[in-house]
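**Student:** This one is data-v5.csv, CSV, C-alpha atoms and all ligand atoms.
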```csv
chain,number,residue,atom,x,y,z
G,287,MET,CA,2.7,-43.7,9.7
G,288,MET,CA,6.1,-44.7,8.4
G,289,ARG,CA,7.0,-42.4,5.5
G,290,SER,CA,8.6,-43.8,2.4
G,291,ARG,CA,12.4,-43.3,2.0
G,292,ILE,CA,13.1,-40.7,-0.7
G,293,LEU,CA,16.3,-40.5,-2.7
G,294,VAL,CA,16.7,-37.1,-4.5
G,295,ILE,CA,19.0,-36.9,-7.5
G,296,GLY,CA,19.9,-33.3,-8.3
G,297,GLY,CA,19.1,-32.2,-4.7
G,298,THR,CA,21.7,-29.3,-4.8
G,299,GLY,CA,20.0,-27.6,-7.8
G,300,ASN,CA,17.4,-24.7,-8.1
G,301,ILE,CA,14.4,-27.0,-7.8
G,302,GLY,CA,16.0,-30.0,-6.1
G,303,ARG,CA,16.9,-28.1,-2.9
G,304,HIS,CA,13.2,-27.2,-2.4
G,305,LEU,CA,12.3,-30.9,-3.0
G,306,VAL,CA,14.8,-32.0,-0.3
G,307,THR,CA,13.4,-29.5,2.2
G,308,ALA,CA,9.8,-30.5,1.5
G,309,SER,CA,10.7,-34.1,1.8
G,310,LEU,CA,12.4,-33.6,5.2
G,311,ASP,CA,9.6,-31.3,6.4
G,312,ALA,CA,7.0,-34.1,5.6
G,313,GLY,CA,9.0,-36.5,7.7
G,314,HIS,CA,10.5,-38.7,4.9
G,315,PRO,CA,13.9,-40.3,5.5
G,316,THR,CA,15.6,-38.4,2.8
G,317,ALA,CA,18.9,-39.0,1.0
G,318,VAL,CA,20.5,-36.8,-1.7
G,319,LEU,CA,22.7,-38.4,-4.3
G,320,VAL,CA,25.7,-36.0,-4.7
G,321,ARG,CA,28.5,-36.2,-7.1
G,322,PRO,CA,31.9,-36.6,-5.2
G,323,SER,CA,33.1,-33.7,-7.5
G,324,ALA,CA,30.5,-31.4,-6.0
G,325,VAL,CA,31.1,-31.9,-2.2
G,326,ALA,CA,33.9,-33.5,-0.3
G,327,SER,CA,32.7,-36.9,1.2
G,328,PRO,CA,28.9,-36.7,0.4
G,329,PRO,CA,26.8,-39.0,2.7
G,330,THR,CA,25.3,-40.5,-0.4
G,331,PRO,CA,27.9,-40.3,-3.1
G,332,GLY,CA,26.9,-41.1,-6.7
G,333,ASP,CA,26.5,-40.0,-10.2
G,334,MET,CA,23.6,-40.5,-12.6
G,335,ASN,CA,26.0,-41.8,-15.1
G,336,ASP,CA,27.5,-44.4,-12.8
G,337,HIS,CA,25.1,-47.4,-12.8
G,338,GLY,CA,26.7,-49.1,-9.7
G,339,SER,CA,26.4,-46.1,-7.5
G,340,LEU,CA,22.8,-45.5,-8.5
G,341,VAL,CA,21.7,-49.1,-7.8
G,342,ALA,CA,23.5,-49.0,-4.4
G,343,ALA,CA,21.9,-45.7,-3.4
G,344,MET,CA,18.4,-46.9,-4.5
G,345,ARG,CA,18.7,-50.1,-2.6
G,346,GLN,CA,19.7,-48.3,0.6
G,347,HIS,CA,17.6,-45.1,0.4
G,348,GLY,CA,15.2,-45.2,-2.5
G,349,GLU,CA,11.6,-46.4,-2.2
G,350,VAL,CA,10.9,-43.2,-4.0
G,351,VAL,CA,13.3,-41.7,-6.5
G,352,ILE,CA,12.9,-38.0,-7.4
G,353,CYS,CA,15.1,-36.5,-10.1
G,354,ALA,CA,15.7,-32.8,-10.5
G,355,VAL,CA,18.7,-32.7,-12.8
G,356,GLY,CA,19.5,-30.2,-15.4
G,357,GLN,CA,17.8,-27.0,-16.4
G,358,GLY,CA,18.2,-26.6,-20.1
G,359,ARG,CA,20.8,-29.3,-20.7
G,360,PRO,CA,19.3,-32.1,-22.9
G,361,LEU,CA,22.3,-34.4,-22.3
G,362,GLU,CA,21.9,-34.1,-18.6
G,363,LEU,CA,18.2,-34.9,-18.9
G,364,ASP,CA,18.9,-37.9,-21.1
G,365,GLY,CA,21.1,-39.2,-18.3
G,366,GLN,CA,17.7,-40.1,-16.7
G,367,LEU,CA,17.7,-43.1,-19.0
G,368,ASN,CA,20.5,-44.5,-16.8
G,369,ILE,CA,18.3,-43.9,-13.7
G,370,ILE,CA,15.5,-45.9,-15.4
G,371,GLN,CA,17.9,-48.8,-16.0
G,372,ALA,CA,19.1,-48.6,-12.4
G,373,ILE,CA,15.5,-48.6,-11.1
G,374,GLN,CA,14.8,-51.8,-13.1
G,375,GLU,CA,17.9,-53.5,-11.6
G,376,ALA,CA,17.4,-52.2,-8.0
G,377,GLY,CA,13.8,-53.6,-8.0
G,378,CYS,CA,12.8,-51.7,-4.8
G,379,VAL,CA,11.5,-48.4,-6.3
G,380,LYS,CA,7.8,-47.8,-5.8
G,381,ARG,CA,7.6,-44.4,-7.5
G,382,PHE,CA,9.9,-42.4,-9.8
G,383,VAL,CA,9.4,-38.7,-10.3
G,384,PRO,CA,11.4,-37.6,-13.4
G,385,SER,CA,12.9,-34.2,-13.8
G,386,GLU,CA,10.0,-32.2,-15.2
G,387,PHE,CA,8.5,-29.5,-12.9
G,388,GLY,CA,7.4,-27.3,-15.8
G,389,CYS,CA,5.0,-27.2,-18.7
G,390,ASP,CA,3.5,-30.2,-20.4
G,391,VAL,CA,6.1,-31.3,-22.8
G,392,GLU,CA,3.6,-33.3,-24.8
G,393,HIS,CA,2.2,-30.0,-26.0
G,394,ALA,CA,5.4,-28.1,-26.9
G,395,GLU,CA,5.0,-27.7,-30.6
G,396,GLN,CA,5.8,-24.0,-30.6
G,397,THR,CA,9.1,-24.3,-28.7
G,398,LEU,CA,12.3,-22.9,-30.2
G,399,GLU,CA,15.8,-24.2,-29.6
G,400,PRO,CA,17.5,-24.7,-27.2
G,401,ALA,CA,14.4,-25.3,-25.1
G,402,LYS,CA,13.0,-27.6,-27.8
G,403,SER,CA,15.7,-30.2,-27.3
G,404,MET,CA,15.2,-30.1,-23.5
G,405,MET,CA,11.5,-30.7,-23.9
G,406,GLU,CA,12.2,-33.5,-26.4
G,407,SER,CA,14.5,-35.1,-23.9
G,408,LYS,CA,11.9,-34.9,-21.1
G,409,LEU,CA,9.4,-36.5,-23.6
G,410,ARG,CA,11.8,-39.4,-24.4
G,411,VAL,CA,12.1,-40.1,-20.7
G,412,ARG,CA,8.3,-40.1,-20.3
G,413,GLN,CA,8.0,-42.5,-23.2
G,414,VAL,CA,10.6,-44.9,-21.8
G,415,ILE,CA,9.1,-44.9,-18.3
G,416,ARG,CA,5.7,-45.8,-19.8
G,417,GLU,CA,7.1,-48.4,-22.1
G,418,VAL,CA,9.1,-50.3,-19.5
G,419,GLY,CA,6.4,-49.9,-16.8
G,420,ILE,CA,8.2,-47.9,-14.1
G,421,PRO,CA,5.7,-46.7,-11.5
G,422,HIS,CA,5.9,-42.9,-11.8
G,423,THR,CA,4.3,-39.5,-11.3
G,424,ILE,CA,5.0,-36.6,-13.6
G,425,ILE,CA,4.7,-33.1,-12.1
G,426,CYS,CA,3.6,-30.3,-14.5
G,427,SER,CA,3.9,-27.2,-12.3
G,428,ASN,CA,4.4,-24.4,-14.9
G,429,TRP,CA,6.5,-21.4,-14.0
G,430,ALA,CA,8.7,-21.4,-10.9
G,431,ILE,CA,8.1,-17.8,-10.0
G,432,GLY,CA,11.3,-17.1,-8.1
G,433,LEU,CA,13.4,-18.3,-11.0
G,434,LEU,CA,11.3,-16.4,-13.5
G,435,LEU,CA,11.7,-13.2,-11.5
G,436,SER,CA,15.4,-13.6,-11.3
G,437,GLY,CA,15.5,-13.7,-15.1
G,438,LEU,CA,13.1,-10.9,-16.1
G,439,ASN,CA,15.6,-8.3,-17.0
G,440,GLU,CA,19.3,-8.6,-17.8
G,441,ASN,CA,20.0,-5.7,-15.4
G,442,GLY,CA,18.1,-7.3,-12.5
G,443,PRO,CA,14.4,-8.0,-12.1
G,444,LEU,CA,13.4,-5.3,-9.7
G,445,SER,CA,15.5,-2.5,-11.0
G,446,THR,CA,14.3,0.2,-13.4
G,447,GLY,CA,13.1,-1.7,-16.4
G,448,VAL,CA,11.4,-4.8,-17.6
G,449,ASN,CA,11.1,-6.6,-20.9
G,450,ILE,CA,7.6,-7.3,-22.0
G,451,PHE,CA,7.6,-10.2,-24.4
G,452,GLY,CA,4.9,-10.5,-27.0
G,453,ASP,CA,1.4,-9.7,-25.8
G,454,GLU,CA,1.4,-8.6,-22.1
G,455,THR,CA,-2.2,-9.9,-21.6
G,456,THR,CA,-1.2,-13.6,-22.2
G,457,GLN,CA,-1.8,-15.6,-19.1
G,458,ALA,CA,0.5,-18.2,-17.5
G,459,ILE,CA,0.6,-20.0,-14.2
G,460,PHE,CA,3.2,-19.0,-11.6
G,461,LEU,CA,4.0,-21.1,-8.6
G,462,ASP,CA,6.2,-20.7,-5.5
G,463,GLU,CA,9.0,-23.4,-5.8
G,464,LYS,CA,8.2,-24.4,-2.2
G,465,ASP,CA,4.5,-25.1,-3.1
G,466,MET,CA,5.5,-27.0,-6.2
G,467,SER,CA,7.9,-29.1,-4.1
G,468,ARG,CA,5.4,-29.7,-1.2
G,469,LEU,CA,2.9,-31.0,-3.7
G,470,ALA,CA,5.4,-33.3,-5.4
G,471,ILE,CA,6.3,-34.8,-2.1
G,472,ARG,CA,2.6,-35.2,-1.2
G,473,ALA,CA,2.0,-36.9,-4.5
G,474,VAL,CA,4.6,-39.6,-4.2
G,475,GLU,CA,2.6,-41.6,-1.7
G,476,ASP,CA,-0.8,-41.0,-3.2
G,477,PRO,CA,-2.3,-43.9,-5.2
G,478,ARG,CA,-4.3,-41.4,-7.2
G,479,THR,CA,-1.2,-40.0,-8.8
G,480,LEU,CA,0.4,-43.4,-9.7
G,481,ASP,CA,1.3,-43.4,-13.4
G,482,LYS,CA,-0.3,-40.0,-13.8
G,483,VAL,CA,0.6,-36.5,-14.8
G,484,LEU,CA,-0.2,-34.1,-11.9
G,485,TYR,CA,-1.2,-30.8,-13.4
G,486,VAL,CA,-0.6,-28.0,-10.8
G,487,ARG,CA,-2.4,-25.0,-12.0
G,488,PRO,CA,-4.5,-23.4,-9.3
G,489,PRO,CA,-6.8,-20.7,-10.5
G,490,THR,CA,-5.4,-18.4,-7.8
G,491,ASN,CA,-2.0,-18.5,-9.6
G,492,VAL,CA,-3.1,-17.6,-13.1
G,493,CYS,CA,-1.7,-14.2,-14.0
G,494,SER,CA,-0.8,-12.3,-17.2
G,495,PHE,CA,2.7,-10.9,-17.6
G,496,GLY,CA,1.2,-7.4,-17.7
G,497,GLN,CA,-0.5,-8.0,-14.3
G,498,LEU,CA,2.7,-9.4,-12.9
G,499,VAL,CA,4.6,-6.2,-13.9
G,500,HIS,CA,1.8,-4.1,-12.5
G,501,LEU,CA,2.1,-5.9,-9.2
G,502,LEU,CA,5.8,-5.4,-9.2
G,503,GLU,CA,5.3,-1.7,-9.6
G,504,LYS,CA,2.6,-1.6,-6.9
G,505,LYS,CA,4.9,-3.4,-4.4
G,506,THR,CA,8.1,-1.4,-5.2
G,507,GLY,CA,6.4,1.9,-5.7
G,508,LYS,CA,8.4,2.4,-8.8
G,509,THR,CA,7.3,2.7,-12.4
G,510,LEU,CA,9.2,0.3,-14.5
G,511,GLU,CA,10.3,1.3,-17.9
G,512,ARG,CA,8.6,-1.1,-20.3
G,513,ASN,CA,10.7,-2.5,-23.2
G,514,TYR,CA,8.3,-4.1,-25.6
G,515,VAL,CA,9.9,-7.1,-27.4
G,516,SER,CA,8.0,-8.5,-30.4
G,517,GLU,CA,7.9,-12.2,-31.1
G,518,GLN,CA,10.4,-11.7,-34.0
G,519,GLU,CA,12.8,-9.7,-31.9
G,520,LEU,CA,12.6,-12.3,-29.2
G,521,ALA,CA,13.4,-15.1,-31.7
G,522,LYS,CA,16.5,-13.0,-32.8
G,523,LYS,CA,17.6,-12.5,-29.2
G,524,ILE,CA,17.3,-16.3,-28.6
G,525,GLN,CA,19.5,-17.0,-31.6
G,526,GLU,CA,22.2,-14.5,-30.4
G,527,ALA,CA,22.2,-15.0,-26.7
G,528,PRO,CA,24.6,-17.3,-24.9
G,529,PHE,CA,23.5,-20.2,-22.8
G,530,PRO,CA,21.6,-20.1,-20.4
G,531,LEU,CA,20.0,-16.8,-21.4
G,532,ASN,CA,19.0,-18.3,-24.8
G,533,PHE,CA,17.3,-21.2,-23.0
G,534,GLN,CA,15.5,-18.9,-20.6
G,535,LEU,CA,14.3,-16.7,-23.4
G,536,ALA,CA,13.1,-19.7,-25.4
G,537,MET,CA,11.1,-20.8,-22.4
G,538,VAL,CA,9.6,-17.4,-22.2
G,539,HIS,CA,8.7,-17.6,-25.9
G,540,SER,CA,7.2,-21.0,-25.5
G,541,THR,CA,5.2,-20.5,-22.3
G,542,LEU,CA,4.4,-16.7,-22.2
G,543,VAL,CA,4.3,-15.8,-25.9
G,544,HIS,CA,2.6,-19.1,-26.9
G,545,ALA,CA,1.2,-19.8,-23.5
G,546,GLY,CA,-2.3,-20.7,-24.8
G,547,SER,CA,-1.0,-24.1,-25.9
G,548,PHE,CA,-0.1,-25.0,-22.3
G,549,MET,CA,-2.9,-23.3,-20.4
G,550,ASP,CA,-5.6,-25.6,-21.7
G,551,THR,CA,-3.8,-28.9,-22.1
G,552,PHE,CA,-5.2,-31.8,-20.0
G,553,ASP,CA,-5.0,-35.4,-21.2
G,554,ALA,CA,-7.8,-37.0,-19.2
G,555,SER,CA,-6.3,-40.5,-19.8
G,556,VAL,CA,-3.3,-39.7,-17.6
G,557,GLY,CA,-3.9,-36.3,-16.1
G,558,VAL,CA,-5.0,-35.4,-12.6
G,559,GLU,CA,-5.6,-31.9,-11.2
G,560,ALA,CA,-3.7,-30.9,-8.0
G,561,ALA,CA,-6.5,-28.5,-7.0
G,562,GLN,CA,-9.0,-31.3,-7.1
G,563,LEU,CA,-6.9,-33.9,-5.3
G,564,TYR,CA,-5.6,-31.5,-2.6
G,565,PRO,CA,-8.3,-28.9,-2.1
G,566,ASP,CA,-6.9,-28.1,1.3
G,567,VAL,CA,-3.6,-26.7,-0.2
G,568,GLN,CA,-3.4,-22.9,-0.1
G,569,PHE,CA,-1.0,-21.8,-2.8
G,570,VAL,CA,1.1,-18.7,-2.4
G,571,THR,CA,-0.2,-16.2,-4.9
G,572,VAL,CA,2.0,-14.0,-7.1
G,573,GLU,CA,1.1,-11.0,-4.9
G,574,GLU,CA,1.9,-12.9,-1.7
G,575,TYR,CA,5.2,-14.1,-3.2
G,576,LEU,CA,6.2,-10.5,-4.1
G,577,ASP,CA,5.2,-9.4,-0.5
G,578,GLY,CA,7.7,-11.9,0.7
G,579,ILE,CA,10.6,-10.7,-1.3
G,580,ILE,CA,10.1,-6.9,-1.5
G,581,VAL,CA,10.9,-5.1,1.7
A,601,LIG,N1,9.1,-24.5,-14.0
A,601,LIG,C1,10.1,-23.8,-14.0
A,601,LIG,O1,10.0,-22.5,-14.1
A,601,LIG,C2,11.5,-24.4,-13.8
A,601,LIG,C3,12.5,-23.6,-13.4
A,601,LIG,C4,13.8,-24.2,-13.2
A,601,LIG,C5,13.9,-25.6,-13.4
A,601,LIG,N2,12.8,-26.3,-13.8
A,601,LIG,C6,13.0,-27.8,-14.1
A,601,LIG,O2,13.5,-28.4,-12.9
A,601,LIG,C7,14.4,-29.4,-13.2
A,601,LIG,C8,15.7,-29.1,-12.5
A,601,LIG,O3,16.3,-27.9,-12.9
A,601,LIG,P1,17.2,-27.0,-12.1
A,601,LIG,O4,17.3,-25.6,-12.6
A,601,LIG,O5,16.9,-27.1,-10.6
A,601,LIG,O6,18.6,-27.7,-12.3
A,601,LIG,P2,20.1,-27.2,-11.8
A,601,LIG,O7,19.9,-26.1,-10.9
A,601,LIG,O8,21.0,-27.2,-13.0
A,601,LIG,O9,20.5,-28.5,-10.9
A,601,LIG,C9,20.9,-29.7,-11.5
A,601,LIG,C10,21.1,-30.7,-10.4
A,601,LIG,O10,21.5,-32.0,-11.0
A,601,LIG,C11,22.7,-32.4,-10.5
A,601,LIG,N3,23.4,-33.3,-11.5
A,601,LIG,C12,23.7,-32.9,-12.7
A,601,LIG,N4,24.4,-33.9,-13.3
A,601,LIG,C13,24.3,-35.0,-12.4
A,601,LIG,C14,24.8,-36.3,-12.5
A,601,LIG,N5,25.5,-36.8,-13.5
A,601,LIG,N6,24.7,-37.1,-11.4
A,601,LIG,C15,24.0,-36.6,-10.3
A,601,LIG,N7,23.5,-35.3,-10.2
A,601,LIG,C16,23.7,-34.5,-11.2
A,601,LIG,C17,23.5,-31.2,-10.1
A,601,LIG,O11,24.5,-31.5,-9.2
A,601,LIG,P3,25.8,-30.7,-9.0
A,601,LIG,O12,25.5,-29.8,-7.8
A,601,LIG,O13,26.8,-31.7,-8.8
A,601,LIG,O14,26.0,-29.9,-10.2
A,601,LIG,C18,22.3,-30.3,-9.5
A,601,LIG,O15,22.1,-30.8,-8.2
A,601,LIG,C19,14.6,-29.4,-14.7
A,601,LIG,O16,13.7,-30.4,-15.3
A,601,LIG,C20,14.1,-28.0,-15.1
A,601,LIG,O17,13.6,-28.0,-16.5
A,601,LIG,C21,11.6,-25.8,-14.0
```
Could you rewrite the structure in this file as structure tokens?
**Tutor:**
Amino acid sequence: MMRSRILVIGGTGNIGRHLVTASLDAGHPTAVLVRPSAVASPPTPGDMNDHGSLVAAMRQHGEVVICAVGQGRPLELDGQLNIIQAIQEAGCVKRFVPSEFGCDVEHAEQTLEPAKSMMESKLRVRQVIREVGIPHTIICSNWAIGLLLSGLNENGPLSTGVNIFGDETTQAIFLDEKDMSRLAIRAVEDPRTLDKVLYVRPPTNVCSFGQLVHLLEKKTGKTLERNYVSEQELAKKIQEAPFPLNFQLAMVHSTLVHAGSFMDTFDASVGVEAAQLYPDVQFVTVEEYLDGIIV
């Protein structure tokens, strides 16, 4: 079968690089829009804020456009409104996947700044996509475990200590970035995910923060010193920390300390469950992920 041509915007980023690999692995002709400032002579040069370059790249490479711009930068995420305009003009895009890949931003009432603005920006983009009728799929894939682990402790995640935020029994969903990306690529050609929110929350990947720390200890053979951080202390740290630490801590506050609001959200009018659509997919569990990184 001839695979759809995929254009990735943000393909050099934390999440974008996994999406590019997953797209290539699945056999899609794949192009990455790269700013000329980032790489000398990129094969598909362009900028989200440059309408002409976007339209040209879409016409040449983009039956499917996947965006993975900007962790924690609302202005960067708002730039996706330019992508929507370009999709309308290009007239060839069958599916748009906006930059989400996290929690359900429609249920982010408890979120503190600066994460709040980022979620509001994602929500604006969702609303415009729906208003103007862009064919789309939104991926709600919860925590990217590799990125979370790299931010667990200011002194390094697997060193001697770990911050425990709020209640260590609160559960969240942790996914390998590779699994999250493989599913996103699978979803872009699936009619069942057209104009839907794909919730990726396999039961095998639900874990409390306390369990995650316990697994870390089991794997490393080290007892980690636990530094308990109350919700009030966390709120203070968020206010005082520089970017991007303040953003990461605000995400921890929103999705680990107030995780309940995300664990149970499912809007049946637009939502589809990845575990139901793709029962064959085996997700890397938290324990398996740790096996892969701890030697
Ligand atoms: N669930 C989770 O735990 C989790 C974790 C991380 C991220 N995310 C989400 O995943 C998405 C991507 O985040 P990320 O951390 O991967 O972002 P990132 O590492 O900051 O990467 C941003 C990408 O966007 C590109 N970009 C920025 N401005 C651009 C422009 N004007 N034109 C074209 N490209 C531009 C950057 O290109 P350059 O190389 O030129 O800078 C880079 O490739 C966000 O929605 C974020 O919230 C989720």
**Student:** Name the closest residue to G:Lys505 among the candidates G:Arg487, G:Val570, G:Ile580, G:Gly299; distances are taken between atoms, counting all atoms listed in the file.
**Tutor:**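 Nearest to G:Lys505: G:Ile580.
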**Student:** Have a look at G:Gln568, G:Ser494, G:Ser427, G:Thr330 and name the one nearest to G:Val318; count only C-alpha atoms.
**Tutor:**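 Among G:Gln568, G:Ser494, G:Ser427, G:Thr330, it is G:Thr330 that comes nearest to G:Val318.
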**Student:** Rounded to one decimal place, report the atom CA of G:Glu526-atom O15 of ligand LIG 601 (chain A) distance in Å.
**Tutor:**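 Between atom CA of G:Glu526 and atom O15 of ligand LIG 601 (chain A) the gap works out to 27.5 Å.
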**Student:** Which of these, G:His347, G:His544, G:Lys482, G:Lys508, has the shortest distance to G:Arg412 once you count only C-alpha atoms?
**Tutor:**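 Looking at the shortest contact to G:Arg412, the residue is G:Lys482.
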**Student:** Figure out the distance between atom CA of G:Val351 and atom CA of G:Ala394, please, to one decimal in Å.
**Tutor:**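 A separation of 25.8 Å between them.
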**Student:** For G:Gly313, work out the shell of residues within 8 Å, counting only C-alpha atoms and skipping chain neighbours fewer than 3 positions away, then give it as a list in words.
**Tutor:**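 With the cut-off at 8 Å, the set is Arg289, Ser309 and Leu310 of chain G.
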**Student:** Between chain G and ligand LIG 601 (chain A), at 7 Å or less, what are the per-residue closest atom pairs and their distances in Å? Count only C-alpha atoms and all ligand atoms, order by chain and rising residue number, and return it as CSV.
**Tutor:**
```
residue,atom,partner,partner_atom,distance
G:Ile295,CA,A:LIG601,N7,5.5
G:Gly296,CA,A:LIG601,O15,3.3
G:Gly297,CA,A:LIG601,O15,4.8
G:Thr298,CA,A:LIG601,O15,3.7
G:Gly299,CA,A:LIG601,O9,3.3
G:Asn300,CA,A:LIG601,O5,3.5
G:Ile301,CA,A:LIG601,O5,3.8
G:Gly302,CA,A:LIG601,O5,5.4
G:Leu319,CA,A:LIG601,C15,6.4
G:Val320,CA,A:LIG601,C15,5.9
G:Arg321,CA,A:LIG601,O13,5.1
G:Ser323,CA,A:LIG601,O13,6.7
G:Ala324,CA,A:LIG601,O13,4.6
G:Gly332,CA,A:LIG601,C15,6.5
G:Asp333,CA,A:LIG601,N6,3.6
G:Met334,CA,A:LIG601,N6,3.8
G:Asn335,CA,A:LIG601,N5,5.3
G:Ala354,CA,A:LIG601,C8,4.2
G:Val355,CA,A:LIG601,O10,3.4
G:Gly356,CA,A:LIG601,O6,4.1
G:Gln357,CA,A:LIG601,O3,3.9
G:Gly358,CA,A:LIG601,O17,6.0
G:Glu362,CA,A:LIG601,N4,5.9
G:Gly365,CA,A:LIG601,N5,6.9
G:Ser385,CA,A:LIG601,O16,4.2
G:Glu386,CA,A:LIG601,O16,4.1
G:Phe387,CA,A:LIG601,C21,5.0
G:Gly388,CA,A:LIG601,N1,3.7
G:Cys389,CA,A:LIG601,N1,6.8
G:Ser427,CA,A:LIG601,N1,6.1
G:Asn428,CA,A:LIG601,N1,4.8
G:Trp429,CA,A:LIG601,O1,3.7
G:Ala430,CA,A:LIG601,O1,3.6
G:Ile431,CA,A:LIG601,O1,6.5
G:Leu433,CA,A:LIG601,C3,5.9
G:Leu434,CA,A:LIG601,O1,6.3
```
**Student:** Atom CA of G:Asp390 and atom CA of G:Pro477, how far apart in Å?
**Tutor:**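 Spanning atom CA of G:Pro477 to atom CA of G:Asp390 is a straight-line distance of 21.3 Å.
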**Student:** Which one is closest to G:Lys380: G:Leu367, G:Leu480, G:Val448, G:Leu520? Count all atoms listed in the file.
**Tutor:**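 Among the listed residues, G:Leu480 lies closest to G:Lys380.
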**Student:** Have a look at G:Leu498, G:Val411, G:Ile420, G:Leu469 and name the one nearest to G:Leu361; count all atoms listed in the file.
**Tutor:**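 Looking at the shortest contact to G:Leu361, the residue is G:Val411.
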